[in-house]
Amino acid sequence: RMVPALPRSLDAAADRAGLLARLGTGPLLIGLDFDGTLAPIVDRPEAAGIDGAMRSRLATLAALVPTAVISGRDLEDLGGRASVPGAILVGSHGIEIAYPDSGVERAPGLEQSDSELGTLIARLRKATAELSGVLVEPKRHSVAVHWRLAGPDEEAAAERVVAEAAGSFPAFRIGRGKKVAEFRPAIERDKGSAIGLLRDHAAAGGTVPAVLYIGDDVTDEDAFRVLDPETDAGILVADPPRTSAAGWCLPDTEAVAAFLDRLIEARRRLSP
């Protein structure tokens with residue numbers, strides 16, 4: 001399994017070609033984070049989106065190999081931003097999975113946290129109402145507190161609010177990301193376990209696929225950690241690179257788009 005280290009840059013043409021050659025043949029499953037990977041990071045989560053070129057790119061990939069967009073956003077939100085024909089959508093860090101050939105699968109054990117979610121959201125909104133730049137983002141099964149727009153004092157106050165609420169709502173656990181804390185159901189489901197479920201689903205035909213996973217956030221480390229460095233590939237999106245369980249690194253969403261275009265070319269050579 002992947003050991004945290006500084007990922008290797010894919011700037012070098014030889015390294016990029018070697019990885020594409022490995023991913024260009026054989027059964028493959030692609031997992032892609034949304035914010036910061038397919039869509040540029042923005043100050044307000046509701047403003048994030050992908051352009052027509054990225055939407056077309058996703059549809060092309062999904063027609064070639066099983067392709068999933070895996071996000072902390074809930075399915076309804078993610079579907080409005082990244083739904084393309086054939087793509088699998090994974091929302092709420094793996095709690096919700098929508099396969100194109102079947103309905104939505106949700107993790108078991110959500111009853112307690114779902115019943116308390118409204119009360120938690122109300123508490124967080126009240127506690128952060130006077131904190132400039134702190135946003136509360138309700139989701140179907142969770143709620144996130146963002147402070148990307150906040151100053152140091154407001155950020156510290158938001159952290160205190162999160163810590164105090166966490167002690168009162170044991171049906172939730174705290175997940176961390178870039179300038180965000182999220183109250184998620186305290187069940188065993190994350191982006192890593194989602195990759196396992198997707199791999200099992202793709203292997204139903206008899207062949208276990210290699211996995212390519214690309215992501216930029218702390219939550220994507222859960223996915224990187226379950227990858228096999230001998231057969232799979234994890235690519236961190238970060239500039240400069242940071243220590244990660246991913247083996248490779250790309251600087252930004254534009255570099256991700258260019259890499260996916262090259263992967264499409266490689267996979268198309270296999271198609272009849």
# chains A, B, ... in the order shown; residues from 1 in each chain; ligands from 1

$ select_by_dssp --residues "range 155-228 of chain A" --states "alpha helix (DSSP H)" --output "tab-separated table (two decimals) with all heavy atoms, in the first residue's frame"
chain	number	residue	atom	x	y	z
A	155	GLU	N	-11.35	32.33	12.11
A	155	GLU	CA	-10.99	30.93	11.90
A	155	GLU	C	-10.85	30.20	13.23
A	155	GLU	O	-11.36	29.08	13.41
A	155	GLU	CB	-9.68	30.84	11.12
A	155	GLU	CG	-9.21	29.42	10.86
A	155	GLU	CD	-7.97	29.36	9.98
A	155	GLU	OE1	-7.69	30.34	9.26
A	155	GLU	OE2	-7.29	28.31	10.00
A	156	ALA	N	-10.18	30.83	14.19
A	156	ALA	CA	-10.01	30.23	15.51
A	156	ALA	C	-11.37	30.05	16.20
A	156	ALA	O	-11.62	29.02	16.85
A	156	ALA	CB	-9.09	31.09	16.38
A	157	ALA	N	-12.25	31.04	16.03
A	157	ALA	CA	-13.59	30.94	16.63
A	157	ALA	C	-14.39	29.81	15.98
A	157	ALA	O	-15.11	29.07	16.66
A	157	ALA	CB	-14.32	32.26	16.49
A	158	ALA	N	-14.25	29.65	14.66
A	158	ALA	CA	-14.95	28.57	13.97
A	158	ALA	C	-14.46	27.21	14.45
A	158	ALA	O	-15.25	26.28	14.63
A	158	ALA	CB	-14.75	28.71	12.46
A	159	GLU	N	-13.17	27.09	14.67
A	159	GLU	CA	-12.61	25.84	15.20
A	159	GLU	C	-13.21	25.52	16.57
A	159	GLU	O	-13.50	24.36	16.87
A	159	GLU	CB	-11.08	25.95	15.29
A	159	GLU	CG	-10.36	25.94	13.95
A	159	GLU	CD	-10.11	24.52	13.45
A	159	GLU	OE1	-10.75	23.57	13.95
A	159	GLU	OE2	-9.27	24.37	12.56
A	160	ARG	N	-13.39	26.55	17.39
A	160	ARG	CA	-13.98	26.32	18.72
A	160	ARG	C	-15.43	25.87	18.60
A	160	ARG	O	-15.88	24.97	19.33
A	160	ARG	CB	-13.88	27.60	19.57
A	160	ARG	CG	-12.48	27.93	20.06
A	160	ARG	CD	-12.49	28.98	21.14
A	160	ARG	NE	-12.99	30.26	20.67
A	160	ARG	CZ	-12.22	31.20	20.10
A	160	ARG	NH1	-10.92	30.98	19.94
A	160	ARG	NH2	-12.74	32.34	19.73
A	161	VAL	N	-16.16	26.49	17.67
A	161	VAL	CA	-17.56	26.09	17.45
A	161	VAL	C	-17.64	24.63	17.04
A	161	VAL	O	-18.47	23.85	17.55
A	161	VAL	CB	-18.21	26.99	16.36
A	161	VAL	CG1	-19.55	26.41	15.91
A	161	VAL	CG2	-18.39	28.41	16.89
A	162	VAL	N	-16.77	24.23	16.14
A	162	VAL	CA	-16.75	22.84	15.66
A	162	VAL	C	-16.43	21.89	16.81
A	162	VAL	O	-17.10	20.85	16.99
A	162	VAL	CB	-15.72	22.68	14.52
A	162	VAL	CG1	-15.46	21.21	14.22
A	162	VAL	CG2	-16.20	23.40	13.27
A	163	ALA	N	-15.43	22.22	17.61
A	163	ALA	CA	-15.03	21.35	18.71
A	163	ALA	C	-16.15	21.20	19.73
A	163	ALA	O	-16.41	20.10	20.25
A	163	ALA	CB	-13.77	21.89	19.38
A	164	GLU	N	-16.83	22.30	20.04
A	164	GLU	CA	-17.91	22.25	21.03
A	164	GLU	C	-19.09	21.42	20.51
A	164	GLU	O	-19.68	20.63	21.25
A	164	GLU	CB	-18.35	23.67	21.38
A	164	GLU	CG	-17.30	24.42	22.20
A	164	GLU	CD	-17.59	25.92	22.27
A	164	GLU	OE1	-18.64	26.34	21.73
A	164	GLU	OE2	-16.76	26.65	22.85
A	165	ALA	N	-19.43	21.62	19.24
A	165	ALA	CA	-20.56	20.86	18.67
A	165	ALA	C	-20.22	19.37	18.57
A	165	ALA	O	-21.10	18.52	18.76
A	165	ALA	CB	-20.93	21.43	17.30
A	166	ALA	N	-18.98	19.08	18.27
A	166	ALA	CA	-18.57	17.67	18.12
A	166	ALA	C	-18.84	16.89	19.40
A	166	ALA	O	-19.25	15.72	19.35
A	166	ALA	CB	-17.10	17.59	17.74
A	167	GLY	N	-18.65	17.52	20.54
A	167	GLY	CA	-18.87	16.84	21.80
A	167	GLY	C	-20.33	16.56	22.10
A	167	GLY	O	-20.64	15.68	22.91
A	168	SER	N	-21.22	17.28	21.43
A	168	SER	CA	-22.65	17.14	21.68
A	168	SER	C	-23.35	16.24	20.67
A	168	SER	O	-24.53	15.92	20.86
A	168	SER	CB	-23.32	18.52	21.67
A	168	SER	OG	-22.74	19.37	22.63
A	191	LYS	N	-13.69	7.93	1.07
A	191	LYS	CA	-13.34	7.79	-0.34
A	191	LYS	C	-12.55	6.52	-0.62
A	191	LYS	O	-12.63	5.96	-1.71
A	191	LYS	CB	-12.57	9.03	-0.82
A	191	LYS	CG	-13.42	10.30	-0.86
A	191	LYS	CD	-12.64	11.47	-1.42
A	191	LYS	CE	-13.51	12.72	-1.54
A	191	LYS	NZ	-12.78	13.87	-2.12
A	192	GLY	N	-11.81	6.05	0.38
A	192	GLY	CA	-11.07	4.79	0.21
A	192	GLY	C	-11.99	3.59	0.13
A	192	GLY	O	-11.84	2.73	-0.75
A	193	SER	N	-12.96	3.51	1.05
A	193	SER	CA	-13.90	2.39	0.99
A	193	SER	C	-14.77	2.48	-0.25
A	193	SER	O	-15.18	1.46	-0.81
A	193	SER	CB	-14.75	2.33	2.26
A	193	SER	OG	-15.42	3.55	2.51
A	194	ALA	N	-15.04	3.72	-0.70
A	194	ALA	CA	-15.79	3.87	-1.96
A	194	ALA	C	-15.02	3.28	-3.13
A	194	ALA	O	-15.60	2.61	-4.00
A	194	ALA	CB	-16.09	5.35	-2.22
A	195	ILE	N	-13.71	3.49	-3.16
A	195	ILE	CA	-12.89	2.90	-4.23
A	195	ILE	C	-13.00	1.38	-4.18
A	195	ILE	O	-13.12	0.71	-5.23
A	195	ILE	CB	-11.42	3.34	-4.08
A	195	ILE	CG1	-11.25	4.80	-4.52
A	195	ILE	CG2	-10.49	2.45	-4.90
A	195	ILE	CD1	-11.47	5.05	-6.00
A	196	GLY	N	-12.99	0.80	-2.99
A	196	GLY	CA	-13.14	-0.65	-2.87
A	196	GLY	C	-14.47	-1.14	-3.41
A	196	GLY	O	-14.52	-2.15	-4.13
A	197	LEU	N	-15.55	-0.42	-3.11
A	197	LEU	CA	-16.87	-0.79	-3.62
A	197	LEU	C	-16.94	-0.67	-5.13
A	197	LEU	O	-17.51	-1.52	-5.83
A	197	LEU	CB	-17.95	0.08	-2.96
A	197	LEU	CG	-18.16	-0.15	-1.45
A	197	LEU	CD1	-19.04	0.95	-0.88
A	197	LEU	CD2	-18.78	-1.52	-1.20
A	198	LEU	N	-16.36	0.41	-5.66
A	198	LEU	CA	-16.37	0.62	-7.11
A	198	LEU	C	-15.54	-0.44	-7.82
A	198	LEU	O	-15.92	-0.92	-8.89
A	198	LEU	CB	-15.82	2.01	-7.44
A	198	LEU	CG	-16.65	3.21	-6.97
A	198	LEU	CD1	-15.91	4.50	-7.27
A	198	LEU	CD2	-18.02	3.23	-7.63
A	199	ARG	N	-14.42	-0.81	-7.22
A	199	ARG	CA	-13.57	-1.84	-7.83
A	199	ARG	C	-14.31	-3.18	-7.85
A	199	ARG	O	-14.28	-3.90	-8.85
A	199	ARG	CB	-12.25	-1.96	-7.08
A	199	ARG	CG	-11.18	-2.68	-7.92
A	199	ARG	CD	-9.98	-3.13	-7.13
A	199	ARG	NE	-9.24	-2.14	-6.42
A	199	ARG	CZ	-8.02	-1.70	-6.76
A	199	ARG	NH1	-7.44	-2.13	-7.85
A	199	ARG	NH2	-7.39	-0.81	-5.99
A	200	ASP	N	-14.99	-3.50	-6.74
A	200	ASP	CA	-15.76	-4.74	-6.69
A	200	ASP	C	-16.87	-4.73	-7.74
A	200	ASP	O	-17.13	-5.75	-8.40
A	200	ASP	CB	-16.38	-4.94	-5.30
A	200	ASP	CG	-15.34	-5.27	-4.25
A	200	ASP	OD1	-14.20	-5.63	-4.62
A	200	ASP	OD2	-15.66	-5.15	-3.06
A	201	HIS	N	-17.53	-3.60	-7.90
A	201	HIS	CA	-18.62	-3.47	-8.88
A	201	HIS	C	-18.07	-3.66	-10.29
A	201	HIS	O	-18.66	-4.37	-11.11
A	201	HIS	CB	-19.29	-2.11	-8.73
A	201	HIS	CG	-20.50	-1.92	-9.60
A	201	HIS	ND1	-20.44	-1.40	-10.88
A	201	HIS	CD2	-21.81	-2.19	-9.36
A	201	HIS	CE1	-21.66	-1.35	-11.39
A	201	HIS	NE2	-22.50	-1.81	-10.49
A	202	ALA	N	-16.93	-3.03	-10.57
A	202	ALA	CA	-16.33	-3.14	-11.90
A	202	ALA	C	-15.82	-4.56	-12.16
A	202	ALA	O	-15.77	-5.00	-13.32
A	202	ALA	CB	-15.18	-2.14	-12.05
A	221	GLU	N	-6.69	11.46	0.59
A	221	GLU	CA	-5.67	10.54	1.10
A	221	GLU	C	-6.28	9.19	1.46
A	221	GLU	O	-5.62	8.15	1.38
A	221	GLU	CB	-4.95	11.15	2.31
A	221	GLU	CG	-4.12	12.39	1.98
A	221	GLU	CD	-2.99	12.12	1.01
A	221	GLU	OE1	-2.38	11.02	1.08
A	221	GLU	OE2	-2.69	13.00	0.18
A	222	ASP	N	-7.56	9.18	1.87
A	222	ASP	CA	-8.23	7.91	2.16
A	222	ASP	C	-8.25	7.01	0.93
A	222	ASP	O	-8.11	5.78	1.05
A	222	ASP	CB	-9.67	8.16	2.63
A	222	ASP	CG	-9.73	8.85	3.97
A	222	ASP	OD1	-8.85	8.60	4.82
A	222	ASP	OD2	-10.66	9.66	4.18
A	223	ALA	N	-8.42	7.62	-0.24
A	223	ALA	CA	-8.40	6.85	-1.48
A	223	ALA	C	-6.97	6.45	-1.86
A	223	ALA	O	-6.73	5.30	-2.25
A	223	ALA	CB	-9.04	7.65	-2.61
A	224	PHE	N	-6.04	7.38	-1.74
A	224	PHE	CA	-4.66	7.06	-2.10
A	224	PHE	C	-4.13	5.88	-1.28
A	224	PHE	O	-3.38	5.04	-1.78
A	224	PHE	CB	-3.75	8.27	-1.89
A	224	PHE	CG	-4.03	9.44	-2.80
A	224	PHE	CD1	-3.96	10.74	-2.32
A	224	PHE	CD2	-4.35	9.24	-4.14
A	224	PHE	CE1	-4.20	11.82	-3.16
A	224	PHE	CE2	-4.60	10.31	-4.98
A	224	PHE	CZ	-4.52	11.61	-4.49
A	225	ARG	N	-4.53	5.83	0.00
A	225	ARG	CA	-3.97	4.80	0.89
A	225	ARG	C	-4.41	3.39	0.53
A	225	ARG	O	-3.72	2.43	0.91
A	225	ARG	CB	-4.35	5.11	2.35
A	225	ARG	CG	-3.47	6.17	3.00
A	225	ARG	CD	-3.72	6.23	4.50
A	225	ARG	NE	-5.00	6.83	4.82
A	225	ARG	CZ	-5.19	8.13	5.04
A	225	ARG	NH1	-4.16	8.97	4.98
A	225	ARG	NH2	-6.38	8.60	5.33

$ residues_around --residues "Lys126 in chain A" --least-positions-apart "4" --cutoff "12 Å" --atoms "only C-alpha atoms" --output "compact mmCIF listing (two decimals) with C-alpha atoms, in the first residue's frame"
# COMPACT_ATOMS: atom_id res chain seq x y z
CA THR A 119 -30.56 20.27 15.03
CA LEU A 120 -26.82 20.27 14.33
CA ILE A 121 -27.19 22.60 11.34
CA ALA A 122 -29.29 25.03 13.38
CA GLU A 130 -21.53 36.72 13.83
CA LEU A 131 -18.34 35.27 12.35
CA VAL A 134 -17.47 31.56 8.03
CA LEU A 135 -20.00 29.58 5.98
CA VAL A 136 -22.23 26.68 7.03
CA ALA A 158 -14.95 28.57 13.97
CA VAL A 161 -17.56 26.09 17.45
CA ALA A 165 -20.56 20.86 18.67

$ closest_residue --among "A:Leu61, A:Leu6, A:Val211, A:Leu260" --to "Ala245 in chain A" --atoms "only C-alpha atoms"
A:Leu6

$ residues_around --residues "Ser9 in chain A" --least-positions-apart "5" --cutoff "10 Å" --atoms "only C-alpha atoms" --output "list in words"
Asp15, Arg16, Ile235, Leu236, Pro240, Pro241, Gly247, Trp248, Cys249, Leu250 and Pro251 of chain A

$ closest_residue --among "A:Gly118, A:Pro4, A:Gly26, A:Gly52" --to "Leu38 in chain A" --atoms "only C-alpha atoms"
A:Gly52

$ residues_around --residues "Asp33 in chain A" --least-positions-apart "5" --cutoff "6 Å" --atoms "only C-alpha atoms" --output "short mmCIF file (atom, residue, chain, number, x, y, z; two decimals) with N, CA, C and O atoms, in the first residue's frame"
data_model
loop_
_atom_site.label_atom_id
_atom_site.label_comp_id
_atom_site.auth_asym_id
_atom_site.auth_seq_id
_atom_site.Cartn_x
_atom_site.Cartn_y
_atom_site.Cartn_z
N VAL A 69 -16.86 10.19 -10.41
CA VAL A 69 -16.54 11.44 -9.75
C VAL A 69 -16.88 11.25 -8.28
O VAL A 69 -18.01 10.92 -7.93
N ILE A 70 -15.88 11.42 -7.42
CA ILE A 70 -16.00 11.08 -6.00
C ILE A 70 -15.79 12.35 -5.17
O ILE A 70 -14.71 12.94 -5.20
N SER A 71 -16.84 12.76 -4.45
CA SER A 71 -16.81 14.08 -3.84
C SER A 71 -17.38 14.06 -2.42
O SER A 71 -18.12 13.15 -2.04
N GLY A 215 -6.83 13.39 -6.94
CA GLY A 215 -7.49 14.26 -5.98
C GLY A 215 -6.51 15.24 -5.36
O GLY A 215 -5.30 15.07 -5.46
#

$ residues_around --residues "range 92-102 of chain A" --least-positions-apart "4" --cutoff "6 Å" --atoms "only C-alpha atoms" --output "list in words"
Ser71, Gly72, Arg73, Asp74, Gly86, Ile88, Arg106, Ala107, Arg189, Asp190, Lys191 and Ala194 of chain A

$ write_last_selection --atoms "N, CA, C and O atoms" --output "JSON list (two decimals), in the first residue's frame"
[["chain", "number", "residue", "atom", "x", "y", "z"],
["A", 71, "SER", "N", -16.84, 12.76, -4.45],
["A", 71, "SER", "CA", -16.81, 14.08, -3.84],
["A", 71, "SER", "C", -17.38, 14.06, -2.42],
["A", 71, "SER", "O", -18.12, 13.15, -2.04],
["A", 72, "GLY", "N", -17.03, 15.09, -1.68],
["A", 72, "GLY", "CA", -17.67, 15.31, -0.40],
["A", 72, "GLY", "C", -19.04, 15.96, -0.55],
["A", 72, "GLY", "O", -19.82, 15.98, 0.40],
["A", 73, "ARG", "N", -19.33, 16.51, -1.71],
["A", 73, "ARG", "CA", -20.66, 17.07, -1.97],
["A", 73, "ARG", "C", -21.69, 15.95, -1.96],
["A", 73, "ARG", "O", -21.37, 14.81, -2.30],
["A", 74, "ASP", "N", -22.93, 16.27, -1.62],
["A", 74, "ASP", "CA", -23.95, 15.24, -1.69],
["A", 74, "ASP", "C", -24.33, 15.00, -3.14],
["A", 74, "ASP", "O", -23.99, 15.78, -4.05],
["A", 86, "GLY", "N", -23.10, 7.97, -18.47],
["A", 86, "GLY", "CA", -22.20, 6.85, -18.20],
["A", 86, "GLY", "C", -21.34, 6.97, -16.97],
["A", 86, "GLY", "O", -20.77, 5.97, -16.52],
["A", 88, "ILE", "N", -20.20, 7.35, -13.06],
["A", 88, "ILE", "CA", -20.65, 7.01, -11.71],
["A", 88, "ILE", "C", -20.45, 8.24, -10.84],
["A", 88, "ILE", "O", -19.41, 8.91, -10.92],
["A", 106, "ARG", "N", -26.92, 3.66, -0.72],
["A", 106, "ARG", "CA", -26.50, 4.45, 0.43],
["A", 106, "ARG", "C", -25.97, 3.53, 1.52],
["A", 106, "ARG", "O", -26.46, 2.42, 1.71],
["A", 107, "ALA", "N", -24.98, 4.01, 2.25],
["A", 107, "ALA", "CA", -24.39, 3.22, 3.33],
["A", 107, "ALA", "C", -25.44, 2.96, 4.41],
["A", 107, "ALA", "O", -26.27, 3.82, 4.70],
["A", 189, "ARG", "N", -17.28, 4.72, 6.25],
["A", 189, "ARG", "CA", -17.35, 4.95, 4.80],
["A", 189, "ARG", "C", -16.56, 6.23, 4.48],
["A", 189, "ARG", "O", -16.76, 7.26, 5.12],
["A", 190, "ASP", "N", -15.65, 6.13, 3.55],
["A", 190, "ASP", "CA", -14.88, 7.29, 3.09],
["A", 190, "ASP", "C", -14.51, 7.06, 1.63],
["A", 190, "ASP", "O", -14.98, 6.10, 1.00],
["A", 191, "LYS", "N", -13.69, 7.93, 1.07],
["A", 191, "LYS", "CA", -13.34, 7.79, -0.34],
["A", 191, "LYS", "C", -12.55, 6.52, -0.62],
["A", 191, "LYS", "O", -12.63, 5.96, -1.71],
["A", 194, "ALA", "N", -15.04, 3.72, -0.70],
["A", 194, "ALA", "CA", -15.79, 3.87, -1.96],
["A", 194, "ALA", "C", -15.02, 3.28, -3.13],
["A", 194, "ALA", "O", -15.60, 2.61, -4.00]]

$ closest_residue --among "A:Ile174, A:Val143, A:Ile214, A:Val226" --to "Val256 in chain A" --atoms "only C-alpha atoms"
A:Ile214
